[in-house]
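J.: Here's a structure for you.
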Amino acid sequence: MPELPEVEALAGYLRQRAVGRRVDRLEVAAISALKTYDPAPTAVAGRAVTDARRYGKFLDVVFDGGLHLVVHLARAGWLHYREAFASTVPLRPGKGPIAIRVRLDDGSGFDLTEAGTQKKLAAYLVTDPQVVPGVAKLGPDALSADLATFAAALRGRRGQVKGVLTDQSVLGGVGNAYSDEILHAAKLSPFALTDRLSDDQMATLHAATRRVLGDAVTRSLGQRAAELKGEKRSGLKVHARTGLPCPVCGDTVREVSFADSSLQYCPTCQTGGKPLADRRLSRLVR
Ligand SMILES: [Zn+2]
């Protein structure tokens, strides 16, 4: 799932490539992906792209006259920039991976795509991004929150730090992958409780959050948008690396179920060498 660094890099890429270009046409192939009907998709035609921004994991393509295409890429969504399209024929609604296509006046443009059968990509054409429910409820941004803001946000929600870090209403931008990386960098157990973190631990967690996300943004920027996904994977130390050695200490990265997914961590770096109990597994065994 694209998280803050990937979306930040996509916004950066669009700022370089699309700002200043006018829209020829916005085509909707996946009717269910566009969550708004007023303004209509035709309202974008003829407008220039003036900016691209990020709110949490949301991407905002800004058009002149104050129109915004706000997109949440969900689990399997992505933005593919095309230097040219093979055909000028408008997309037909169908079952392909392309949800929305934006054609620009120089023949380039971008496709919002979603792989798989579960269609969760959500796009909103709005005059104010704050009317998008997911944007309105976002907590402070994970990349820019200062320590006081970060600490207040996390302490305000009692729970396991893994779950709290990924709650978008607490902190915007962090998902399953980068929360594993942040907790590994901070040497914290994913099951540590937020209201029991010491001031030192909170400061370490805050610094780790900014460093992990900042490094990932730097790695992703300058890459072509199509290559960003591969870049993300190569920079990870524990996430999706179950059974592989921790690059910091050499211990074996372990996995435990969490919420509706799983998390990865290093016992030596994060939990005093002790493996975490897998609650789902122990319930089954019993
Ligand atoms: Zn380790």
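Here's how to read the names in the structure tokens: chain A, B, ... by the order shown, residue numbers from 1 in each chain, ligand numbers from 1 in the order shown.
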May I ask you to write as a VMD selection string all residues lying at most 10 Å from ligand 1, with only C-alpha atoms and all ligand atoms counted?

T.: chain A and resid 184 to 185 187 237 to 238 245 to 253 265 to 271 273

J.: Counting only C-alpha atoms, which residues in segment 55-146 of chain A sit no more than 9 Å from segment 47-50 of chain A? For each one, give the nearest pair of atoms and the distance in Å, sorted by chain then residue number, as JSON lines.

T.:
```
{"residue": "A:Val61", "atom": "CA", "partner": "A:Val49", "partner_atom": "CA", "distance": 7.1}
{"residue": "A:Val62", "atom": "CA", "partner": "A:Thr50", "partner_atom": "CA", "distance": 5.6}
{"residue": "A:Phe63", "atom": "CA", "partner": "A:Val49", "partner_atom": "CA", "distance": 4.4}
{"residue": "A:Asp64", "atom": "CA", "partner": "A:Ala48", "partner_atom": "CA", "distance": 5.6}
{"residue": "A:Gly65", "atom": "CA", "partner": "A:Arg47", "partner_atom": "CA", "distance": 7.7}
{"residue": "A:Leu67", "atom": "CA", "partner": "A:Arg47", "partner_atom": "CA", "distance": 8.9}
{"residue": "A:Leu104", "atom": "CA", "partner": "A:Ala48", "partner_atom": "CA", "distance": 8.8}
```

J.: Taking the DSSP assignment computed from this structure's backbone, write out as JSON, numbers by chain all residues of segment 90-276 of chain A that belong to helix (DSSP H, G or I).

T.: {"A": [129, 130, 131, 133, 134, 135, 136, 147, 148, 149, 150, 151, 152, 153, 154, 155, 161, 162, 163, 164, 165, 176, 177, 178, 179, 180, 181, 182, 183, 184, 185, 194, 195, 196, 199, 200, 201, 202, 203, 204, 205, 206, 207, 208, 209, 210, 211, 212, 213, 214, 215, 216, 217, 218, 219, 220, 225, 226, 227, 228, 229, 230, 231, 232, 233, 234, 267, 268, 269, 270]}

J.: Find the residue from A:Ser144, A:Gln130, A:Gln264, A:Thr42 that sits nearest to Leu26 of chain A; use only C-alpha atoms when measuring.

T.: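 Going through A:Ser144, A:Gln130, A:Gln264, A:Thr42 one by one, the smallest distance to Leu26 of chain A is for A:Thr42.
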
J.: Figure out the distance between atom CA of Ala52 of chain A and atom CA of Phe150 of chain A, please, to one decimal in Å.

T.: 25.0 Å

J.: Which residue gives the smallest distance to Ser108 of chain A among A:Ala18, A:Ala142, A:Ile31, A:Ala123, with only C-alpha atoms counted?

T.: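 Using only C-alpha atoms, Ser108 of chain A sits closest to A:Ala18.
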
J.: Using only C-alpha atoms for the distances, tell me which of A:Ser262, A:Ser257, A:Gln16, A:Ser179 is nearest to Ala208 of chain A.

T.: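 Smallest separation from Ala208 of chain A among the options: A:Ser179.
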
J.: Looking at A:Glu181, A:Glu3, A:Asp278, A:Asp195, which one is nearest to Ala240 of chain A, with distances taken over only C-alpha atoms?

T.: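 With only C-alpha atoms as the atom set, the closest residue is A:Glu181.
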
J.: Residues of segment 36-276 of chain A in strand (DSSP E) according to DSSP, as a PyMOL selection string?

T.: chain A and resi 49-55+58-63+67-72+77-82+98-104+109-114+122-126+254-258+261-265

J.: Return the single residue from A:Arg254, A:Arg75, A:Lys137, A:His206 that is closest to Leu165 of chain A, with distances computed using only C-alpha atoms.

T.: A:His206

J.: Which one of A:Ala29, A:Leu143, A:Ala9, A:Ala152 sits closest to Arg211 of chain A if you count only C-alpha atoms?

T.: A:Leu143

J.: Might you pull out every residue within 8 Å of Leu263 of chain A, with only C-alpha atoms counted and same-chain residues fewer than 2 positions away left off, and present them as a list in words?

T.: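 Contacts, in chain order: Asn176, Asp180, His239, Glu255, Val256, Ser257, Phe258, Ser261 and Tyr265 of chain A.
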
J.: Near segment 91-101 of chain A, within 6 Å and counting only C-alpha atoms, which residues show up once chain neighbours fewer than 4 positions away are dropped, as an MDAnalysis selection string?

T.: chainID A and resid 26:30 110:115
